[in-house]
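With compact mmCIF, C-alpha atoms inside, this is data14.txt:
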```
# COMPACT_ATOMS: atom_id res chain seq x y z
CA MET F 1 7.63 -25.69 -25.47
CA PRO F 2 8.30 -26.40 -29.17
CA ILE F 3 9.46 -23.50 -31.30
CA GLN F 4 6.99 -22.63 -34.06
CA PHE F 5 8.66 -21.40 -37.24
CA ASP F 6 5.61 -21.29 -39.50
CA VAL F 7 3.40 -18.20 -39.70
CA ASP F 8 -0.38 -18.11 -39.76
CA PRO F 9 -2.19 -17.43 -43.04
CA THR F 10 -2.86 -13.78 -42.17
CA VAL F 11 0.86 -13.09 -41.74
CA ALA F 12 1.69 -15.09 -44.87
CA GLN F 13 -0.70 -12.92 -46.86
CA LEU F 14 0.88 -9.78 -45.41
CA VAL F 15 4.31 -11.06 -46.43
CA ALA F 16 3.08 -11.66 -49.98
CA SER F 17 1.46 -8.23 -50.14
CA THR F 18 4.63 -6.60 -48.80
CA ALA F 19 6.82 -8.39 -51.34
CA GLU F 20 4.56 -7.25 -54.19
CA PHE F 21 4.42 -3.68 -52.87
CA VAL F 22 8.19 -3.50 -52.51
CA ARG F 23 8.74 -4.91 -55.99
CA GLU F 24 6.18 -2.71 -57.75
CA VAL F 25 6.43 0.57 -55.81
CA VAL F 26 9.51 0.80 -53.60
CA VAL F 27 12.25 -0.64 -55.80
CA PRO F 28 11.49 1.87 -58.60
CA ALA F 29 11.64 4.71 -56.03
CA GLU F 30 14.97 3.38 -54.77
CA ARG F 31 16.36 3.27 -58.30
CA GLU F 32 15.25 6.83 -58.92
CA CYS F 33 17.11 8.24 -55.90
CA GLY F 34 19.99 5.76 -56.01
CA GLY F 35 19.11 4.56 -52.50
CA SER F 36 20.41 7.82 -51.04
CA VAL F 37 17.95 9.50 -48.66
CA HIS F 38 20.21 11.30 -46.16
CA ASP F 39 18.99 14.62 -47.50
CA ALA F 40 15.80 13.45 -49.22
CA PRO F 41 12.65 15.58 -48.88
CA GLU F 42 9.95 14.54 -46.43
CA ALA F 43 7.64 14.30 -49.42
CA LEU F 44 9.42 11.11 -50.51
CA ARG F 45 8.80 9.45 -47.15
CA GLU F 46 5.20 10.66 -47.04
CA THR F 47 4.49 9.43 -50.56
CA LEU F 48 5.93 5.97 -49.89
CA GLN F 49 4.10 5.64 -46.59
CA LYS F 50 0.78 6.69 -48.13
CA ALA F 51 1.30 4.04 -50.79
CA ALA F 52 2.03 1.47 -48.07
CA ARG F 53 -1.19 2.42 -46.28
CA ASP F 54 -3.16 2.10 -49.50
CA ALA F 55 -1.60 -1.34 -50.06
CA GLY F 56 -2.53 -2.43 -46.53
CA VAL F 57 1.05 -3.13 -45.44
CA PHE F 58 1.78 -0.06 -43.28
CA ALA F 59 3.13 -0.45 -39.71
CA PRO F 60 3.20 -4.26 -39.36
CA HIS F 61 4.87 -4.04 -35.93
CA VAL F 62 2.61 -1.42 -34.37
CA PRO F 63 -0.12 -2.62 -31.97
CA GLU F 64 -3.62 -2.46 -33.44
CA ARG F 65 -4.53 0.21 -30.89
CA TRP F 66 -2.19 2.59 -32.71
CA GLY F 67 -3.24 1.62 -36.22
CA GLY F 68 -0.82 -1.21 -37.05
CA HIS F 69 -1.05 -4.95 -37.65
CA GLY F 70 0.16 -5.90 -34.16
CA LEU F 71 2.55 -8.67 -35.23
CA ASP F 72 4.77 -10.39 -32.71
CA LEU F 73 8.48 -10.68 -33.49
CA ARG F 74 8.07 -13.96 -35.35
CA GLY F 75 5.54 -12.35 -37.63
CA GLN F 76 7.69 -9.27 -37.99
CA ALA F 77 10.65 -11.44 -39.05
CA ALA F 78 8.93 -12.54 -42.24
CA VAL F 79 7.43 -9.15 -43.09
CA PHE F 80 10.55 -7.13 -42.29
CA GLU F 81 12.66 -9.42 -44.48
CA ALA F 82 10.24 -8.81 -47.35
CA ALA F 83 10.39 -5.05 -46.68
CA GLY F 84 14.20 -5.09 -46.50
CA TYR F 85 14.43 -6.40 -50.05
CA SER F 86 14.60 -2.71 -50.96
CA LEU F 87 16.69 -0.20 -49.04
CA LEU F 88 13.60 2.01 -48.80
CA GLY F 89 11.13 -0.75 -47.94
CA PRO F 90 11.35 -0.33 -44.15
CA LEU F 91 10.94 3.44 -44.53
CA ALA F 92 7.79 2.92 -46.60
CA LEU F 93 6.28 0.55 -44.02
CA ASN F 94 7.32 2.86 -41.15
CA CYS F 95 9.38 0.04 -39.63
CA ALA F 96 12.83 1.53 -40.23
CA ALA F 97 15.37 2.38 -37.56
CA PRO F 98 15.32 4.34 -35.32
CA ASP F 99 11.55 4.90 -35.36
CA GLU F 100 10.63 1.21 -35.14
CA GLY F 101 12.70 0.69 -31.99
CA ASN F 102 11.43 3.91 -30.45
CA MET F 103 7.83 2.85 -31.01
CA HIS F 104 8.50 -0.40 -29.18
CA LEU F 105 10.17 1.45 -26.32
CA LEU F 106 7.34 3.96 -25.97
CA GLU F 107 4.72 1.22 -26.02
CA LYS F 108 6.48 -0.61 -23.19
CA VAL F 109 7.77 2.25 -21.03
CA ALA F 110 5.90 5.52 -21.67
CA THR F 111 3.02 6.86 -19.62
CA GLU F 112 -0.39 7.07 -21.24
CA GLU F 113 0.03 10.81 -21.69
CA GLN F 114 3.42 10.28 -23.34
CA LYS F 115 1.99 7.62 -25.64
CA GLN F 116 -0.68 9.99 -26.86
CA ALA F 117 1.83 12.80 -27.41
CA TYR F 118 4.66 10.77 -28.98
CA LEU F 119 3.73 7.19 -29.89
CA ARG F 120 0.44 7.98 -31.62
CA PRO F 121 1.88 10.43 -34.21
CA LEU F 122 5.07 8.39 -34.61
CA ALA F 123 3.13 5.19 -35.35
CA ALA F 124 0.99 7.07 -37.86
CA GLY F 125 4.04 8.41 -39.68
CA GLU F 126 3.10 12.01 -38.90
CA ILE F 127 6.52 12.63 -37.34
CA ARG F 128 9.94 10.98 -37.08
CA SER F 129 12.15 10.47 -34.03
CA CYS F 130 15.72 9.74 -32.96
CA PHE F 131 17.49 8.00 -30.07
CA ALA F 132 20.36 10.11 -28.70
CA MET F 133 22.78 7.99 -26.71
CA THR F 134 26.07 7.79 -28.66
CA GLU F 135 28.68 10.43 -27.85
CA PRO F 136 32.08 11.42 -29.24
CA ALA F 137 35.04 9.75 -27.50
CA PRO F 138 35.54 9.36 -24.61
CA GLY F 139 31.76 9.32 -24.20
CA ALA F 140 29.21 6.54 -24.62
CA GLY F 141 29.57 4.27 -27.63
CA ALA F 142 29.93 0.51 -27.61
CA ASP F 143 30.24 0.87 -23.81
CA PRO F 144 27.16 2.86 -22.69
CA ARG F 145 28.60 3.17 -19.18
CA SER F 146 30.92 5.84 -20.57
CA LEU F 147 27.90 8.18 -20.73
CA ARG F 148 28.93 11.79 -20.04
CA THR F 149 25.83 13.83 -20.92
CA THR F 150 24.27 15.03 -17.66
CA ALA F 151 20.78 15.87 -16.48
CA THR F 152 20.59 18.13 -13.43
CA ARG F 153 17.45 18.85 -11.43
CA VAL F 154 16.13 22.39 -11.76
CA PRO F 155 12.82 23.87 -10.58
CA GLY F 156 10.07 22.04 -12.46
CA GLY F 157 12.30 19.68 -14.39
CA TRP F 158 15.78 18.87 -15.63
CA ARG F 159 18.63 20.64 -17.42
CA LEU F 160 20.47 18.61 -20.06
CA ASP F 161 24.08 19.31 -20.97
CA GLY F 162 26.18 17.15 -23.28
CA HIS F 163 27.41 16.25 -26.72
CA LYS F 164 25.86 13.53 -28.92
CA TRP F 165 26.89 12.30 -32.33
CA PHE F 166 25.92 9.76 -34.97
CA ILE F 167 22.27 10.24 -34.00
CA THR F 168 20.31 8.61 -36.80
CA GLY F 169 17.35 10.56 -38.14
CA ALA F 170 17.91 13.59 -35.91
CA HIS F 171 17.63 16.13 -38.72
CA GLY F 172 13.93 16.95 -38.99
CA ALA F 173 12.87 14.60 -36.18
CA GLY F 174 9.86 15.63 -34.11
CA PHE F 175 11.51 14.55 -30.87
CA ALA F 176 14.56 12.83 -29.44
CA ILE F 177 14.85 10.21 -26.73
CA VAL F 178 17.97 11.39 -24.91
CA MET F 179 20.07 9.30 -22.56
CA ALA F 180 21.68 11.41 -19.81
CA ARG F 181 23.39 10.72 -16.52
CA THR F 182 21.36 11.71 -13.44
CA SER F 183 23.73 10.19 -10.91
CA GLY F 184 27.23 8.74 -10.75
CA GLY F 185 29.89 9.36 -13.34
CA PRO F 186 31.37 7.91 -16.53
CA GLY F 187 32.13 4.23 -16.03
CA ASP F 188 29.38 3.63 -13.49
CA PRO F 189 26.94 0.87 -14.50
CA GLY F 190 23.81 2.80 -13.48
CA GLY F 191 22.63 6.34 -13.00
CA ALA F 192 21.22 7.04 -16.48
CA THR F 193 17.77 8.38 -17.34
CA MET F 194 15.89 8.73 -20.63
CA PHE F 195 14.24 12.03 -21.54
CA LEU F 196 11.78 13.02 -24.25
CA VAL F 197 13.01 16.24 -25.86
CA ASP F 198 10.83 18.00 -28.42
CA ALA F 199 12.40 19.44 -31.55
CA GLY F 200 12.93 23.17 -31.12
CA THR F 201 13.50 22.98 -27.36
CA PRO F 202 15.91 25.83 -26.48
CA GLY F 203 19.40 24.51 -25.81
CA MET F 204 19.14 21.59 -28.23
CA ARG F 205 21.32 22.39 -31.26
CA LEU F 206 22.03 20.29 -34.34
CA VAL F 207 25.69 20.91 -35.19
CA ARG F 208 25.96 19.05 -38.49
CA ASN F 209 24.88 16.10 -40.55
CA ILE F 210 27.75 13.62 -40.77
CA GLU F 211 28.86 12.28 -44.16
CA THR F 212 28.92 8.50 -43.91
CA LEU F 213 29.47 5.37 -45.97
CA ASP F 214 25.81 4.43 -45.79
CA GLU F 215 23.11 6.66 -47.30
CA SER F 216 19.82 4.78 -46.98
CA LEU F 217 18.74 5.74 -43.45
CA PHE F 218 16.38 8.67 -43.83
CA ALA F 219 17.86 12.05 -42.76
CA GLY F 220 21.24 10.45 -42.09
CA HIS F 221 23.25 10.77 -38.88
CA ALA F 222 23.73 14.02 -36.97
CA GLU F 223 25.84 15.62 -34.27
CA ILE F 224 23.86 17.36 -31.51
CA VAL F 225 24.84 19.55 -28.57
CA PHE F 226 22.70 20.13 -25.46
CA GLU F 227 23.52 23.31 -23.56
CA ASN F 228 21.24 24.37 -20.73
CA CYS F 229 18.39 22.46 -22.39
CA VAL F 230 15.54 22.43 -19.86
CA VAL F 231 12.70 19.88 -20.02
CA GLY F 232 9.79 19.30 -17.67
CA GLU F 233 9.39 16.53 -15.13
CA GLY F 234 6.83 14.93 -17.43
CA GLN F 235 9.53 14.43 -20.06
CA VAL F 236 11.23 11.68 -18.08
CA LEU F 237 10.75 8.38 -19.93
CA GLY F 238 10.71 5.48 -17.52
CA GLU F 239 12.34 5.71 -14.10
CA VAL F 240 14.99 8.15 -13.00
CA ASP F 241 18.42 6.46 -12.72
CA HIS F 242 17.11 3.36 -14.53
CA GLY F 243 17.62 4.48 -18.11
CA PHE F 244 20.04 1.70 -19.01
CA GLU F 245 17.52 -0.90 -17.88
CA GLY F 246 14.74 0.87 -19.78
CA ALA F 247 16.84 1.06 -22.93
CA GLN F 248 17.29 -2.73 -22.87
CA VAL F 249 13.56 -2.98 -23.60
CA ARG F 250 14.41 -1.34 -26.92
CA LEU F 251 17.88 -2.63 -27.70
CA ALA F 252 17.46 -6.41 -27.78
CA PRO F 253 14.43 -6.39 -30.13
CA ALA F 254 15.96 -3.55 -32.19
CA ARG F 255 19.12 -5.61 -32.80
CA LEU F 256 16.94 -8.41 -34.10
CA THR F 257 14.77 -6.23 -36.33
CA HIS F 258 17.97 -4.85 -37.88
CA CYS F 259 18.83 -8.46 -38.74
CA MET F 260 15.39 -9.03 -40.28
CA ARG F 261 15.62 -6.00 -42.55
CA TRP F 262 19.19 -6.63 -43.67
CA LEU F 263 18.43 -10.27 -44.39
CA GLY F 264 16.06 -8.96 -47.06
CA ALA F 265 18.95 -7.02 -48.59
CA ALA F 266 21.08 -10.17 -48.59
CA ARG F 267 18.30 -12.12 -50.30
CA ARG F 268 18.13 -9.46 -53.00
CA ALA F 269 21.89 -9.58 -53.54
CA GLN F 270 21.74 -13.36 -53.85
CA ASP F 271 18.89 -13.13 -56.36
CA VAL F 272 20.99 -10.79 -58.51
CA ALA F 273 23.94 -13.19 -58.27
CA LEU F 274 21.78 -16.20 -59.15
CA GLU F 275 20.32 -14.47 -62.20
CA ARG F 276 23.80 -13.50 -63.35
CA ALA F 277 25.18 -16.98 -62.72
CA GLY F 278 22.41 -18.50 -64.79
CA SER F 279 22.67 -16.14 -67.75
CA ARG F 280 26.30 -15.03 -68.06
CA MET F 281 28.47 -17.26 -70.23
CA ALA F 282 32.21 -17.57 -69.60
CA PHE F 283 34.83 -20.22 -70.44
CA GLY F 284 32.32 -22.15 -72.47
CA SER F 285 29.58 -22.48 -69.86
CA ALA F 286 27.24 -20.52 -67.62
CA LEU F 287 28.88 -19.01 -64.55
CA GLY F 288 26.61 -21.14 -62.40
CA ASP F 289 28.23 -24.28 -63.83
CA LEU F 290 31.70 -23.27 -62.66
CA GLY F 291 32.80 -24.86 -59.41
CA MET F 292 34.11 -21.75 -57.66
CA VAL F 293 30.96 -19.80 -58.47
CA GLN F 294 28.83 -22.71 -57.27
CA GLN F 295 30.68 -22.68 -53.96
CA MET F 296 30.00 -18.97 -53.48
CA LEU F 297 26.32 -19.38 -54.34
CA ALA F 298 25.99 -22.36 -52.01
CA ASP F 299 27.75 -20.60 -49.14
CA SER F 300 25.40 -17.64 -49.53
CA GLU F 301 22.35 -19.90 -49.46
CA ILE F 302 23.71 -21.44 -46.25
CA ASP F 303 24.31 -18.00 -44.70
CA ILE F 304 20.79 -16.84 -45.59
CA GLU F 305 19.06 -19.95 -44.26
CA ALA F 306 21.14 -20.02 -41.08
CA SER F 307 20.46 -16.33 -40.49
CA ARG F 308 16.72 -16.79 -40.97
CA ALA F 309 16.63 -19.73 -38.57
CA LEU F 310 18.61 -17.85 -35.93
CA ILE F 311 16.36 -14.80 -36.26
CA LEU F 312 13.25 -16.93 -35.79
CA ARG F 313 14.74 -18.74 -32.79
CA THR F 314 15.64 -15.41 -31.16
CA ALA F 315 12.24 -13.93 -32.00
CA TRP F 316 10.61 -16.89 -30.29
CA GLU F 317 12.76 -16.41 -27.19
CA LEU F 318 11.90 -12.69 -27.04
CA ASP F 319 8.19 -13.29 -27.67
CA THR F 320 8.07 -15.79 -24.80
CA ALA F 321 10.26 -13.66 -22.49
CA SER F 322 12.83 -16.45 -22.22
CA PRO F 323 15.94 -15.87 -20.11
CA ALA F 324 17.97 -16.96 -23.15
CA ALA F 325 16.76 -14.00 -25.23
CA ALA F 326 19.59 -11.60 -24.35
CA GLN F 327 22.28 -14.11 -25.27
CA LEU F 328 20.58 -15.11 -28.51
CA SER F 329 20.03 -11.47 -29.42
CA SER F 330 23.79 -10.91 -29.33
CA VAL F 331 24.45 -14.16 -31.19
CA SER F 332 21.97 -13.20 -33.91
CA LYS F 333 23.32 -9.67 -34.31
CA THR F 334 26.89 -10.92 -34.65
CA PHE F 335 26.21 -13.81 -37.01
CA VAL F 336 23.64 -12.13 -39.24
CA ALA F 337 25.63 -8.89 -39.61
CA GLU F 338 28.65 -10.85 -40.79
CA ALA F 339 26.62 -13.28 -42.91
CA VAL F 340 24.85 -10.44 -44.72
CA ASN F 341 28.22 -8.87 -45.50
CA ARG F 342 29.49 -12.19 -46.86
CA VAL F 343 26.45 -12.70 -49.08
CA VAL F 344 26.61 -9.23 -50.61
CA ASP F 345 30.38 -9.45 -51.06
CA ARG F 346 30.07 -12.77 -52.88
CA ALA F 347 27.33 -11.37 -55.12
CA VAL F 348 29.56 -8.45 -56.10
CA GLN F 349 32.39 -10.87 -56.88
CA ILE F 350 30.19 -13.13 -58.98
CA CYS F 351 28.82 -10.21 -60.99
CA GLY F 352 32.23 -8.62 -61.56
CA ALA F 353 32.06 -5.23 -63.27
CA LEU F 354 28.26 -5.29 -63.08
CA GLY F 355 28.53 -5.74 -59.32
CA ILE F 356 30.30 -2.43 -58.84
CA SER F 357 28.27 -0.48 -61.42
CA ALA F 358 25.84 1.41 -59.21
CA ALA F 359 23.61 2.58 -62.06
CA ASP F 360 23.16 -0.90 -63.56
CA ALA F 361 22.61 -3.15 -60.52
CA PRO F 362 21.78 -2.66 -56.83
CA LEU F 363 24.84 -4.49 -55.53
CA ALA F 364 27.11 -1.46 -55.21
CA ARG F 365 24.40 0.29 -53.17
CA LEU F 366 23.85 -2.77 -50.99
CA TYR F 367 27.58 -3.21 -50.42
CA ARG F 368 27.83 0.38 -49.25
CA GLU F 369 24.91 -0.05 -46.86
CA VAL F 370 25.63 -3.41 -45.23
CA ARG F 371 29.20 -2.74 -44.07
CA PRO F 372 28.16 -0.39 -41.21
CA PHE F 373 25.73 -3.07 -39.97
CA ARG F 374 28.69 -4.79 -38.31
CA ILE F 375 29.09 -1.65 -36.18
CA TYR F 376 25.53 -0.41 -35.59
CA ASP F 377 23.75 -1.62 -32.45
CA GLY F 378 27.05 -2.84 -31.04
CA PRO F 379 30.09 -3.94 -33.02
CA SER F 380 30.69 -7.65 -33.43
CA GLU F 381 33.61 -7.50 -30.99
CA THR F 382 31.43 -6.10 -28.20
CA HIS F 383 28.79 -8.77 -28.75
CA ARG F 384 31.41 -11.53 -28.78
CA PHE F 385 32.69 -10.23 -25.46
CA ALA F 386 29.17 -10.37 -24.01
CA ILE F 387 28.43 -13.79 -25.54
CA ALA F 388 31.57 -15.34 -24.07
CA ARG F 389 31.02 -13.74 -20.67
CA ARG F 390 27.48 -15.13 -20.44
CA ALA F 391 28.59 -18.55 -21.68
CA VAL F 392 31.31 -18.93 -19.04
CA ARG F 393 29.26 -17.48 -16.17
CA PRO F 394 27.59 -20.70 -14.96
CA TYR F 395 30.93 -22.52 -14.94
CA ARG F 396 32.52 -19.72 -12.96
CA GLN F 397 29.61 -19.76 -10.53
CA ALA F 398 29.87 -23.54 -10.17
CA ARG F 399 33.56 -23.28 -9.42
CA ALA F 400 32.93 -20.55 -6.85
CA GLY F 401 30.28 -22.73 -5.22
CA ALA F 402 32.63 -25.71 -5.11
CA VAL F 403 35.35 -23.62 -3.49
CA GLU F 404 32.92 -22.32 -0.85
CA GLY F 405 31.77 -25.88 -0.12
CA ARG F 406 35.22 -27.14 0.75
```

Rewrite the structure from the file as structure tokens, please.
Amino acid sequence: MPIQFDVDPTVAQLVASTAEFVREVVVPAERECGGSVHDAPEALRETLQKAARDAGVFAPHVPERWGGHGLDLRGQAAVFEAAGYSLLGPLALNCAAPDEGNMHLLEKVATEEQKQAYLRPLAAGEIRSCFAMTEPAPGAGADPRSLRTTATRVPGGWRLDGHKWFITGAHGAGFAIVMARTSGGPGDPGGATMFLVDAGTPGMRLVRNIETLDESLFAGHAEIVFENCVVGEGQVLGEVDHGFEGAQVRLAPARLTHCMRWLGAARRAQDVALERAGSRMAFGSALGDLGMVQQMLADSEIDIEASRALILRTAWELDTASPAAAQLSSVSKTFVAEAVNRVVDRAVQICGALGISAADAPLARLYREVRPFRIYDGPSETHRFAIARRAVRPYRQARAGAVEGR
């Protein structure tokens, strides 16, 4: 089946409307707060999301049943890139992490009752959410099998005990999706279960908000402790002991949507660099006429186009449920995260002092934000490990078969 890269006219119009909305409404809001929303008031989010609704660009990824545009991943790729042109664009459209990934997970895994209680208000922007899997060392991080938080059966439900950290958006979230071990022990490949835990549930305690390099993810990243936190049987999301499998429904698309949003940031950085290269005079000519600057600009154009093509290829594979989707998801996350960093870094270098002047250009903000992307949703090293392992698997299997046939 041929891969279709073009979008239909309806999606193209949504992309154009999103780009205009981001330029006219969101970028000025970003400038006003300096792109820092770790401790921003809910009123900022509510105001931006109301404006997005009024502009007809709200919730592009959400199925129409829940009030969104119902785009597939290929459609989302174009719209999310347009939204990501501003650090606050995804927040305004209600397609920012972690809510966007949690909406997808709930749509695919939750019961009808759970969808009404959690997905409906989340999709409408009435509440926020978080996904609580990462733990302090030696707990779950890049290797989720290290999971140490436990869920123990009690009359009528489950008791959660454990320590989570770097939980994005936890402060002020309406609920958390919590990964806990219901069987086995740290290092075992299975035995995890996802739970829906409402804010204010006794035994769930937010310890602190963590100061981090990045500042554009709303409400920041928090440390949470669960101590004798009891939830009902109806709070189990998906199947007991199959939480890792259920989480994969969220993780592969979420890696890709991260790439879509950050590609918009890279495009913005390149636009700033191109404007500077065309207008700044040095050594008797425009910067853009100097060979070394031309090389940087050209390399960034290559990185942007290659990233976009890889995102669309992976989106196609995920939309069509191809067996190649998992591999390409890791390839995309690794390449795009590093390409985005390269593009922003080059833009800073081209713009010189302007590039690191946070009040005069967005590049310093973008530079601060894109570096953690190489760690979030799996560091590049973890993805390279998985990519290589999948690539060599058929050759190892063929060799094993040949040995058995002797």

Option closest in space to Glu32 (chain F), from F:Cys130, F:Ala358, F:Val79, F:Leu119 [counting all atoms listed in the file]: F:Ala358

Spatial neighbours of Arg384 (chain F), 8 Å, all atoms listed in the file, chain gap at least 6 places, as number ranges by chain: F: 330-331, 334

d(CA of Asp72 (chain F), CA of Leu93 (chain F)) in Å: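 Computing the Euclidean distance for CA of Asp72 (chain F) and CA of Leu93 (chain F) yields 15.8 Å.
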
Nearby residues (all atoms listed in the file) at most 6 Å from region 135-148 of chain F, same-chain spacing under 2 positions excluded, as a list in words: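 Listed by chain and then number, they are Lys164, Trp165, Pro186, Gly187, Asp188, Pro189 and Gly378 of chain F.
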
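We find CA of Gly101 (chain F) and CA of Leu73 (chain F) to be spaced 12.2 Å apart.
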
Could you give me, as CSV, every region 204-270 of chain F residue with an atom at most 6 Å from region 105-113 of chain F, plus its closest atom pair and distance in Å to one decimal, counting all atoms listed in the file, rows ordered by chain then number?
```
residue,atom,partner,partner_atom,distance
F:Leu237,CA,F:Ala110,CA,5.9
F:Gly238,CA,F:Val109,CA,5.6
F:Arg250,CA,F:Leu105,CA,5.1
```

Which residues come within 7 Å of Pro60 (chain F), counting all atoms listed in the file, excluding same-chain residues fewer than 5 positions away, as an mmCIF file with C-alpha atoms, keeping the file's coordinate frame?
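selection-v6.cif, freshly written:
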```cif
data_model
loop_
_atom_site.group_PDB
_atom_site.id
_atom_site.type_symbol
_atom_site.label_atom_id
_atom_site.label_comp_id
_atom_site.auth_asym_id
_atom_site.auth_seq_id
_atom_site.Cartn_x
_atom_site.Cartn_y
_atom_site.Cartn_z
ATOM 1 C CA GLY F 68 -0.820 -1.210 -37.050
ATOM 2 C CA HIS F 69 -1.050 -4.950 -37.650
ATOM 3 C CA GLY F 70 0.160 -5.900 -34.160
ATOM 4 C CA LEU F 71 2.550 -8.670 -35.230
ATOM 5 C CA GLN F 76 7.690 -9.270 -37.990
#
```

F:Ala254, F:Val225, F:Ser36, F:Val197 ranked by distance to Asp99 (chain F), top pick (using only C-alpha atoms): F:Ala254

Point-to-point distance in Å for CA of Ala347 (chain F) and CA of Glu301 (chain F):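 Value for the CA of Glu301 (chain F)-CA of Ala347 (chain F) distance: 11.4 Å.
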
All residues 12 Å or closer to Phe335 (chain F), all atoms listed in the file, same chain fewer than 4 positions away omitted, as a ChimeraX atom specification: /F:255-256,259,263,303-311,328-331,339-342,373-374,379-381,383-384,387

Polymer residues at most 8 Å from Glu369 (chain F), only C-alpha atoms, same-chain spacing of 3 or more positions, as a list in words: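 The residues that qualify are Leu213, Asp214, Glu215, Ser216, Arg365, Leu366, Pro372 and Phe373 of chain F.
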
Atoms kept (C-alpha atoms) for selection, written as an mmCIF file, in the coordinates of the input:
```
data_model
loop_
_atom_site.group_PDB
_atom_site.id
_atom_site.type_symbol
_atom_site.label_atom_id
_atom_site.label_comp_id
_atom_site.auth_asym_id
_atom_site.auth_seq_id
_atom_site.Cartn_x
_atom_site.Cartn_y
_atom_site.Cartn_z
ATOM 1 C CA LEU F 213 29.470 5.370 -45.970
ATOM 2 C CA ASP F 214 25.810 4.430 -45.790
ATOM 3 C CA GLU F 215 23.110 6.660 -47.300
ATOM 4 C CA SER F 216 19.820 4.780 -46.980
ATOM 5 C CA ARG F 365 24.400 0.290 -53.170
ATOM 6 C CA LEU F 366 23.850 -2.770 -50.990
ATOM 7 C CA PRO F 372 28.160 -0.390 -41.210
ATOM 8 C CA PHE F 373 25.730 -3.070 -39.970
#
```

Counting all atoms listed in the file, the residue of F:Ser300, F:Gln270, F:Thr257, F:Thr168 that sits nearest Glu100 (chain F):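 For Glu100 (chain F), the nearest of the given residues is F:Thr257.
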
Counting all atoms listed in the file, the residue of F:Glu30, F:Arg280, F:Phe166, F:Val154 that sits nearest Thr212 (chain F): F:Phe166

Which residue of F:His38, F:Arg261, F:His163, F:Arg346 approaches Gln294 (chain F) most closely, using only C-alpha atoms: F:Arg346

Among listed residues F:Ala247, F:Val230, F:Val348, F:Ala266, nearest Gly190 (chain F) (using all atoms listed in the file):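 So, comparing all the options, the nearest one is F:Ala247.
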